[in-house]
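Following: one structure in structure tokens, then a few remarks.
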Protein chains: 4
Amino acid sequence: MEELKKAVYEANMDLPRYGLVTFTWGNVSGIDRESGLFVIKPSGVEYDQLTPEDMVVMDLDGNKIEGSYRPSSDTATHLELYRAFPKIGGIVHTHSSYATSWAQAGRGIPCYGTTHADYMYGEIPCVRCLTPEEIAEAYEQNTGRLIVEEFVRMEKDPMAVPAVLCKNHGPFTWGKDAREAVHNAVVLEEVAKMACRTESINPQVKPAPQELQDKHYYRKHGANAYYGQEKH
Amino acid sequence: MEELKKAVYEANMDLPRYGLVTFTWGNVSGIDRESGLFVIKPSGVEYDQLTPEDMVVMDLDGNKIEGSYRPSSDTATHLELYRAFPKIGGIVHTHSSYATSWAQAGRGIPCYGTTHADYMYGEIPCVRCLTPEEIAEAYEQNTGRLIVEEFVRMEKDPMAVPAVLCKNHGPFTWGKDAREAVHNAVVLEEVAKMACRTESINPQVKPAPQELQDKHYYRKHGANAYYGQEKH
Amino acid sequence: MEELKKAVYEANMDLPRYGLVTFTWGNVSGIDRESGLFVIKPSGVEYDQLTPEDMVVMDLDGNKIEGSYRPSSDTATHLELYRAFPKIGGIVHTHSSYATSWAQAGRGIPCYGTTHADYMYGEIPCVRCLTPEEIAEAYEQNTGRLIVEEFVRMEKDPMAVPAVLCKNHGPFTWGKDAREAVHNAVVLEEVAKMACRTESINPQVKPAPQELQDKHYYRKHGANAYYGQEKH
Amino acid sequence: MEELKKAVYEANMDLPRYGLVTFTWGNVSGIDRESGLFVIKPSGVEYDQLTPEDMVVMDLDGNKIEGSYRPSSDTATHLELYRAFPKIGGIVHTHSSYATSWAQAGRGIPCYGTTHADYMYGEIPCVRCLTPEEIAEAYEQNTGRLIVEEFVRMEKDPMAVPAVLCKNHGPFTWGKDAREAVHNAVVLEEVAKMACRTESINPQVKPAPQELQDKHYYRKHGANAYYGQEKH
């Protein structure tokens with residue numbers, strides 16, 4: 001658990017390093033699937049005052065197990081995603097500028113090229129706003145539930161599409177651990193930036209051909225991947 | 001008063017740190033409500049030569065109480081805001097790039113998402129240009145008067161909307177002290193940047209639903225706020 | 001002359017510091033009006049290898065007086081401007097990104113606000129491309145002549161409008177010395193950036209009212225200026 | 001060969017220094033024409049862990065001659081370019097943001113000004129996507145073949161146009177050695193950025209007049225070049 005707290009702390013500190021957060025506008029969590037406990041950033045604590053000891057430990061029923069601070073206000077969203085997506089080990093929420101602009105615009109990000117296809121298979125979806133009832137009842141939890149419902153409805157594999165935009169809010173990304181979730185948050189921001197510029201350069205642009213998307217995605221993922229070095 | 005001068009000095013130095021000013025294009029002030037004195041940056045002094053001792057002390061009648069320099073040329077605007085908005089303790093003026101671009105465009109910034117709603121309730125207004133008579137008579141003072149008049153007319157609470165754009169000029173922000181006013185200047189610039197990109201991505205975009213704006217604003221403000229840590 | 005070489009060297013080194021140049025895409029000169037000699041950056045020398053001794057000294061007939069390097073390839077343009085504008089003491093040429101984009105777009109930069117009006121009076125003009133004959137005959141010299149002709153034709157005072165765009169090429173700025181010319185190059189880039197964003201936010205935007213332009217320009221310039229500290 | 005490995009290592013490290021790559025999204029190679037061997041970055045290795053010893057040595061038949069890592073997944077593209085363009089000594093591939101946005105938009109970059117003309121003669125072409133068959137058969141090799149075919153078809157001299165965009169993918173640049181290829185990658189990104197902004201400022205903009213393009217290109221290239229210092 002101490003190791004996980006350290007890893008989640010490091011992943012949180014990567015957010016300002018990569019320019020993904022202003023002030024406290026972001027949080028990272030990571031889960032230990034054996035014990036069913038996850039570690040998350042405390043709410044509203046400045047990054048330059050954060051220490052590994054400040055991380056909050058939670059169980060999947062939403063009980064705080066350890067930590068002197070309140071957990072991130074988005075904890076209930078993380079929890080729903082961990083419950084529904086059993087292969088993910090880390091989650092990131094930011095208000096990174098371009099990804100949030102797509103979320104505010106209420107549009108999913110089309111796959112315009114191989115930078116996108118290398119990491120995320122197909123369009124990155126933008127889910128609707130919650131209804132007034134959903135907001136009033138349990139805002140953060142219902143945000144997580146909506147993401148899960150939409151991935152089921154769209155038949156999207158969360159490991160192949162490790163990112164989502166929440167309309168008028170911002171992005172969540174995930175991965176096999178907290179570090180990979182941050183990596184995907186960086187990729188998402190780059191992809192969101194280039195998609196915005198791509199449409200400015202050519203307003204009639206179409207998504208990349210499916211066979212090119214497949215080629216790049218499977219060059220990096222699955223049994224026939226040949227990008228990078230062999231893992232030992 | 002020495003403490004306030006130091007705090008206002010630090011808040012001024014945060015403007016270049018956050019990338020909000022070029023050269024001397026900005027100023028911060030802070031007020032001590034008990035004595036009715038406020039401290040403000042001297043006019044046209046470079047940030048890298050500024051010291052806490054250079055800060056100018058003024059009273060609310062516009063008399064210089066202490067300081068070897070002339071106060072900021074925008075002092076009369078600060079003064080009007082302190083007089084009319086009794087809860088504010090600090091004011092910032094910058095020419096930060098995106099907020100100034102909205103001011104030049106003559107448009108208020110619609111609330112497109114939760115980043116905005118977390119800090120500022122509803123549209124950030126853009127007030128009209130002064131008339132030739134208002135400019136000739138008392139430019140800086142009339143700028144402050146116009147802001148106050150417009151907030152009254154629009155029934156906006158200056159603590160809920162701690163920012164304004166002056167058409168063809170630039171933004172003012174405020175807060176409970178100089179530090180919070182700078183914080184709001186950073187928020188405004190981020191919000192202005194994302195609103196510009198949001199409209200580029202979706203020219204038909206509408207503001208965020210009112211219930212989402214309410215949810216996020218009241219998650220951080222008022223009696224039922226639950227963001228961050230409890231204050232002791 | 002050694003002092004001028006040092007000042008021009010420092011002004012040249014400010015270009016990469018302010019992010020105005022990539023590689024060697026820029027040059028600064030400064031003139032000593034008494035001797036009629038001016039100092040300019042050598043052509044194509046990397047900024048990180050530049051020393052004050054590398055500066056080239058020229059007279060106003062275009063003769064090299066001192067220096068082991070060739071002067072900037074734009075020297076003949078500088079020379080024409082020094083000859084025609086007797087009050088200027090320094091000149092800068094860059095390919096700074098936004099100013100160059102306006103030059104490539106073939107448009108002058110309208111005065112959309114006070115950031116612009118504080119330094120430059122009215123629209124920053126964009127002069128036409130040279131004709132094939134003008135290019136073939138004496139490209140750099142004719143560039144300078146065209147700028148001068150256009151300022152005369154438009155009845156613009158070069159001290160009130162210390163910047164120009166050359167169509168499909170880039171900006172020149174000037175000032176009372178090399179340092180002020182660099183200052184104006186920074187202002188121009190900021191103004192060009194904000195004007196581009198302003199038009200994106202409001203495609204129907206109009207220039208700032210004339211009385212506001214006058215107010216801000218004369219707040220900083222002329223007998224009734226009151227911005228900054230009194231000069232002793 | 002050790003010298004070439006060091007030079008190619010340094011050129012690779014310049015990519016993050018110039019802000020051209022995120023994570024491992026880029027690679028540089030350099031060739032020794034005498035031995036016919038080229039050196040290239042290993043696939044998927046992080047820049048901050050890269051050493052000159054990690055560089056992979058290949059021959060022009062695609063055999064690995066030296067190195068403990070797999071070469072870049074784009075090696076076959078580099079190989080085709082080295083075979084077909086005998087004067088080039090270095091190649092760069094990146095996903096730099098603006099150049100990639102033009103590639104995703106499927107448009108070549110028109111020559112809008114002298115920044116472009118100083119380095120690259122005429123439009124920087126964007127070649128089509130590969131067909132499903134070309135992708136399935138030999139994706140990276142066919143990418144190189146397509147670039148070569150298109151340069152032949154368009155009668156473009158690869159030394160005068162040292163850059164290409166691959167639709168929905170990103171740019172390749174080259175030069176007389178690895179260092180110059182990186183230099184051209186920086187130029188391409190700047191030119192791509194300014195062309196995007198130029199079209200935003202003036203949607204009806206036309207390319208720069210041919211005589212201006214000629215003037216600037218030949219000011220820096222060929223027998224009558226007079227930019228920079230004489231080479232000894």
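Convention: chains lettered A, B, ... in structure tokens order; per-chain residue numbering from 1; ligands numbered from 1 as shown.
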Problem set entry | Exercise answer, chain D residues close to chain C, 8 Å and only C-alpha atoms, as a ChimeraX atom specification | /D:112-115,190,193-195,197-202,205,208,211-212,215,226-229
Keeping N, CA, C and O atoms, export the residues of the selection given above as an mmCIF file, in the first residue's frame.
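Done, and the output landed in selection34.cif:
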```
data_model
loop_
_atom_site.group_PDB
_atom_site.id
_atom_site.type_symbol
_atom_site.label_atom_id
_atom_site.label_comp_id
_atom_site.auth_asym_id
_atom_site.auth_seq_id
_atom_site.Cartn_x
_atom_site.Cartn_y
_atom_site.Cartn_z
ATOM 1 N N TYR D 112 3.562 30.779 -48.069
ATOM 2 C CA TYR D 112 2.934 32.076 -47.820
ATOM 3 C C TYR D 112 3.945 33.182 -47.544
ATOM 4 O O TYR D 112 3.544 34.333 -47.380
ATOM 5 N N GLY D 113 5.229 32.839 -47.436
ATOM 6 C CA GLY D 113 6.149 33.918 -47.132
ATOM 7 C C GLY D 113 7.602 33.488 -47.177
ATOM 8 O O GLY D 113 7.938 32.344 -47.528
ATOM 9 N N THR D 114 8.447 34.415 -46.778
ATOM 10 C CA THR D 114 9.883 34.214 -46.946
ATOM 11 C C THR D 114 10.465 33.263 -45.909
ATOM 12 O O THR D 114 11.520 32.674 -46.163
ATOM 13 N N THR D 115 9.816 33.105 -44.760
ATOM 14 C CA THR D 115 10.313 32.139 -43.779
ATOM 15 C C THR D 115 10.332 30.753 -44.413
ATOM 16 O O THR D 115 11.283 29.981 -44.251
ATOM 17 N N GLU D 190 7.520 25.586 -37.633
ATOM 18 C CA GLU D 190 7.273 27.031 -37.609
ATOM 19 C C GLU D 190 6.452 27.472 -38.805
ATOM 20 O O GLU D 190 5.529 28.284 -38.690
ATOM 21 N N LYS D 193 2.857 26.311 -38.507
ATOM 22 C CA LYS D 193 2.154 27.124 -37.513
ATOM 23 C C LYS D 193 1.729 28.460 -38.118
ATOM 24 O O LYS D 193 0.576 28.883 -38.011
ATOM 25 N N MET D 194 2.655 29.117 -38.796
ATOM 26 C CA MET D 194 2.345 30.430 -39.367
ATOM 27 C C MET D 194 1.360 30.309 -40.520
ATOM 28 O O MET D 194 0.512 31.187 -40.701
ATOM 29 N N ALA D 195 1.429 29.237 -41.311
ATOM 30 C CA ALA D 195 0.486 29.073 -42.423
ATOM 31 C C ALA D 195 -0.932 28.897 -41.879
ATOM 32 O O ALA D 195 -1.894 29.443 -42.433
ATOM 33 N N ARG D 197 -2.097 30.093 -39.017
ATOM 34 C CA ARG D 197 -2.540 31.401 -38.518
ATOM 35 C C ARG D 197 -2.810 32.369 -39.665
ATOM 36 O O ARG D 197 -3.739 33.183 -39.597
ATOM 37 N N THR D 198 -2.001 32.288 -40.717
ATOM 38 C CA THR D 198 -2.179 33.156 -41.884
ATOM 39 C C THR D 198 -3.564 32.951 -42.494
ATOM 40 O O THR D 198 -4.267 33.922 -42.812
ATOM 41 N N GLU D 199 -3.976 31.696 -42.644
ATOM 42 C CA GLU D 199 -5.292 31.407 -43.236
ATOM 43 C C GLU D 199 -6.416 31.820 -42.301
ATOM 44 O O GLU D 199 -7.513 32.155 -42.758
ATOM 45 N N SER D 200 -6.149 31.786 -40.998
ATOM 46 C CA SER D 200 -7.168 32.237 -40.050
ATOM 47 C C SER D 200 -7.349 33.758 -40.158
ATOM 48 O O SER D 200 -8.463 34.270 -40.090
ATOM 49 N N ILE D 201 -6.257 34.477 -40.355
ATOM 50 C CA ILE D 201 -6.307 35.949 -40.468
ATOM 51 C C ILE D 201 -6.884 36.383 -41.815
ATOM 52 O O ILE D 201 -7.596 37.375 -41.902
ATOM 53 N N ASN D 202 -6.577 35.625 -42.853
ATOM 54 C CA ASN D 202 -7.087 35.952 -44.192
ATOM 55 C C ASN D 202 -7.434 34.679 -44.952
ATOM 56 O O ASN D 202 -6.573 34.101 -45.626
ATOM 57 N N VAL D 205 -6.257 34.181 -48.577
ATOM 58 C CA VAL D 205 -4.835 34.430 -48.858
ATOM 59 C C VAL D 205 -4.317 33.570 -50.018
ATOM 60 O O VAL D 205 -4.766 32.440 -50.219
ATOM 61 N N ALA D 208 2.790 33.404 -51.754
ATOM 62 C CA ALA D 208 3.671 34.527 -52.069
ATOM 63 C C ALA D 208 4.006 34.532 -53.559
ATOM 64 O O ALA D 208 4.064 33.472 -54.182
ATOM 65 N N GLU D 211 8.372 35.408 -57.740
ATOM 66 C CA GLU D 211 9.677 36.084 -57.775
ATOM 67 C C GLU D 211 10.222 36.312 -56.364
ATOM 68 O O GLU D 211 11.430 36.299 -56.149
ATOM 69 N N LEU D 212 9.311 36.484 -55.365
ATOM 70 C CA LEU D 212 9.766 36.644 -53.981
ATOM 71 C C LEU D 212 10.260 35.306 -53.433
ATOM 72 O O LEU D 212 11.286 35.245 -52.737
ATOM 73 N N LYS D 215 13.651 34.778 -54.951
ATOM 74 C CA LYS D 215 14.646 35.667 -54.362
ATOM 75 C C LYS D 215 15.156 35.099 -53.037
ATOM 76 O O LYS D 215 16.361 35.003 -52.808
ATOM 77 N N TYR D 226 23.978 34.810 -50.747
ATOM 78 C CA TYR D 226 24.764 35.805 -50.017
ATOM 79 C C TYR D 226 24.318 35.940 -48.570
ATOM 80 O O TYR D 226 24.722 36.846 -47.871
ATOM 81 N N TYR D 227 23.472 35.006 -48.095
ATOM 82 C CA TYR D 227 23.093 35.008 -46.680
ATOM 83 C C TYR D 227 24.170 34.268 -45.895
ATOM 84 O O TYR D 227 24.746 33.301 -46.370
ATOM 85 N N GLY D 228 24.447 34.747 -44.674
ATOM 86 C CA GLY D 228 25.413 34.076 -43.804
ATOM 87 C C GLY D 228 26.837 34.442 -44.156
ATOM 88 O O GLY D 228 27.092 35.417 -44.883
ATOM 89 N N GLN D 229 27.781 33.687 -43.609
ATOM 90 C CA GLN D 229 29.198 33.974 -43.806
ATOM 91 C C GLN D 229 29.752 33.037 -44.870
ATOM 92 O O GLN D 229 29.252 31.939 -45.060
#
```
Problem set entry | Backbone DSSP call of strand (DSSP E or B) for range 3-215 of chain D, listed as number ranges by chain | D: 26-32, 37-40, 42, 56-59, 64-66, 71, 90-94, 109, 124, 126-127, 163-166, 170-175
Exercise. Using only C-alpha atoms, which residues sit within 6 Å of range 1-17 of chain B once same-chain residues fewer than 5 positions away are excluded, as a ChimeraX atom specification?
Worked result: /B:28-30,52,179
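Across the model, the gap from CA of Ile91 in chain C to CA of Ser35 in chain C is 17.4 Å.
In this structure, CA of Ala138 in chain B sits 19.3 Å away from CA of Asn27 in chain B.
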Problem set entry | Separation of CA of Ala223 in chain B from CA of Ala178 in chain B, in Å and rounded to one decimal |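 Value for the CA of Ala223 in chain B-CA of Ala178 in chain B distance: 23.7 Å.
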Exercise. Tell me, which residues of range 133-200 of chain D carry DSSP helix (DSSP H, G or I), written as an MDAnalysis selection string?
Worked result: chainID D and resid 133:153 178:200
Go ahead and write the residues just picked, N, CA and C atoms, as a short mmCIF file (atom, residue, chain, number, x, y, z; two decimals), in the first residue's frame.
```cif
data_model
loop_
_atom_site.label_atom_id
_atom_site.label_comp_id
_atom_site.auth_asym_id
_atom_site.auth_seq_id
_atom_site.Cartn_x
_atom_site.Cartn_y
_atom_site.Cartn_z
N GLU D 133 -4.24 -2.44 -49.39
CA GLU D 133 -3.26 -3.44 -49.84
C GLU D 133 -1.84 -3.00 -49.48
N GLU D 134 -1.54 -1.74 -49.75
CA GLU D 134 -0.19 -1.24 -49.43
C GLU D 134 0.09 -1.31 -47.93
N ILE D 135 -0.95 -1.02 -47.12
CA ILE D 135 -0.78 -1.10 -45.67
C ILE D 135 -0.53 -2.54 -45.25
N ALA D 136 -1.35 -3.45 -45.77
CA ALA D 136 -1.24 -4.86 -45.35
C ALA D 136 0.09 -5.47 -45.77
N GLU D 137 0.55 -5.09 -46.96
CA GLU D 137 1.75 -5.73 -47.53
C GLU D 137 3.02 -5.31 -46.78
N ALA D 138 3.29 -4.01 -46.71
CA ALA D 138 4.54 -3.55 -46.08
C ALA D 138 4.38 -2.06 -45.79
N TYR D 139 3.73 -1.76 -44.69
CA TYR D 139 3.29 -0.40 -44.40
C TYR D 139 4.42 0.62 -44.43
N GLU D 140 5.46 0.37 -43.67
CA GLU D 140 6.51 1.38 -43.54
C GLU D 140 7.31 1.51 -44.83
N GLN D 141 7.60 0.40 -45.47
CA GLN D 141 8.34 0.43 -46.72
C GLN D 141 7.53 1.15 -47.80
N ASN D 142 6.25 0.84 -47.88
CA ASN D 142 5.41 1.48 -48.90
C ASN D 142 5.22 2.97 -48.64
N THR D 143 5.29 3.38 -47.37
CA THR D 143 5.26 4.81 -47.08
C THR D 143 6.46 5.50 -47.74
N GLY D 144 7.63 4.90 -47.60
CA GLY D 144 8.83 5.47 -48.23
C GLY D 144 8.72 5.47 -49.75
N ARG D 145 8.23 4.35 -50.30
CA ARG D 145 8.09 4.26 -51.77
C ARG D 145 7.14 5.32 -52.30
N LEU D 146 6.02 5.53 -51.59
CA LEU D 146 5.04 6.51 -52.03
C LEU D 146 5.65 7.92 -52.05
N ILE D 147 6.40 8.25 -51.00
CA ILE D 147 7.03 9.58 -50.96
C ILE D 147 7.94 9.75 -52.18
N VAL D 148 8.73 8.74 -52.46
CA VAL D 148 9.67 8.81 -53.58
C VAL D 148 8.91 8.96 -54.91
N GLU D 149 7.91 8.10 -55.12
CA GLU D 149 7.09 8.17 -56.34
C GLU D 149 6.49 9.55 -56.55
N GLU D 150 5.96 10.12 -55.45
CA GLU D 150 5.29 11.41 -55.57
C GLU D 150 6.29 12.52 -55.87
N PHE D 151 7.50 12.44 -55.29
CA PHE D 151 8.50 13.45 -55.62
C PHE D 151 8.90 13.35 -57.09
N VAL D 152 9.00 12.15 -57.59
CA VAL D 152 9.32 11.95 -59.01
C VAL D 152 8.19 12.50 -59.87
N ARG D 153 6.96 12.11 -59.57
CA ARG D 153 5.79 12.54 -60.33
C ARG D 153 5.66 14.07 -60.34
N ALA D 178 22.10 14.45 -40.22
CA ALA D 178 21.03 14.32 -39.22
C ALA D 178 20.69 15.68 -38.61
N ARG D 179 21.74 16.47 -38.37
CA ARG D 179 21.54 17.77 -37.76
C ARG D 179 20.71 18.71 -38.63
N GLU D 180 21.02 18.73 -39.93
CA GLU D 180 20.25 19.57 -40.84
C GLU D 180 18.81 19.06 -41.00
N ALA D 181 18.65 17.76 -40.92
CA ALA D 181 17.29 17.20 -40.99
C ALA D 181 16.44 17.67 -39.80
N VAL D 182 17.07 17.74 -38.62
CA VAL D 182 16.37 18.26 -37.44
C VAL D 182 16.06 19.75 -37.63
N HIS D 183 17.07 20.50 -38.12
CA HIS D 183 16.87 21.91 -38.42
C HIS D 183 15.64 22.09 -39.32
N ASN D 184 15.53 21.28 -40.34
CA ASN D 184 14.39 21.40 -41.26
C ASN D 184 13.08 20.99 -40.59
N ALA D 185 13.15 20.10 -39.61
CA ALA D 185 11.92 19.73 -38.87
C ALA D 185 11.43 20.91 -38.04
N VAL D 186 12.36 21.68 -37.49
CA VAL D 186 11.99 22.88 -36.73
C VAL D 186 11.39 23.92 -37.67
N VAL D 187 12.05 24.15 -38.81
CA VAL D 187 11.54 25.09 -39.80
C VAL D 187 10.12 24.69 -40.23
N LEU D 188 9.95 23.42 -40.54
CA LEU D 188 8.64 22.93 -41.00
C LEU D 188 7.56 23.24 -39.97
N GLU D 189 7.85 22.99 -38.69
CA GLU D 189 6.85 23.22 -37.64
C GLU D 189 6.50 24.72 -37.56
N GLU D 190 7.52 25.59 -37.63
CA GLU D 190 7.27 27.03 -37.61
C GLU D 190 6.45 27.47 -38.81
N VAL D 191 6.80 26.97 -39.96
CA VAL D 191 6.11 27.33 -41.21
C VAL D 191 4.66 26.82 -41.17
N ALA D 192 4.47 25.61 -40.64
CA ALA D 192 3.12 25.04 -40.55
C ALA D 192 2.26 25.87 -39.60
N LYS D 193 2.86 26.31 -38.51
CA LYS D 193 2.15 27.12 -37.51
C LYS D 193 1.73 28.46 -38.12
N MET D 194 2.65 29.12 -38.80
CA MET D 194 2.34 30.43 -39.37
C MET D 194 1.36 30.31 -40.52
N ALA D 195 1.43 29.24 -41.31
CA ALA D 195 0.49 29.07 -42.42
C ALA D 195 -0.93 28.90 -41.88
N CYS D 196 -1.06 28.16 -40.79
CA CYS D 196 -2.38 27.96 -40.15
C CYS D 196 -2.93 29.30 -39.68
N ARG D 197 -2.10 30.09 -39.02
CA ARG D 197 -2.54 31.40 -38.52
C ARG D 197 -2.81 32.37 -39.66
N THR D 198 -2.00 32.29 -40.72
CA THR D 198 -2.18 33.16 -41.88
C THR D 198 -3.56 32.95 -42.49
N GLU D 199 -3.98 31.70 -42.64
CA GLU D 199 -5.29 31.41 -43.24
C GLU D 199 -6.42 31.82 -42.30
N SER D 200 -6.15 31.79 -41.00
CA SER D 200 -7.17 32.24 -40.05
C SER D 200 -7.35 33.76 -40.16
#
```
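With only C-alpha atoms as the atoms that count, the minimum distance from Tyr217 in chain D to the choices D:Val127, D:Ala163, D:Val56, D:Met120 is reached by D:Met120.
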For this session: Excluding Glu123 in chain B and any residue of its chain fewer than 4 positions from it, enumerate the residues within 6 Å of it, using only C-alpha atoms, and give them as a PyMOL selection string.
Result: chain B and resi 109-111
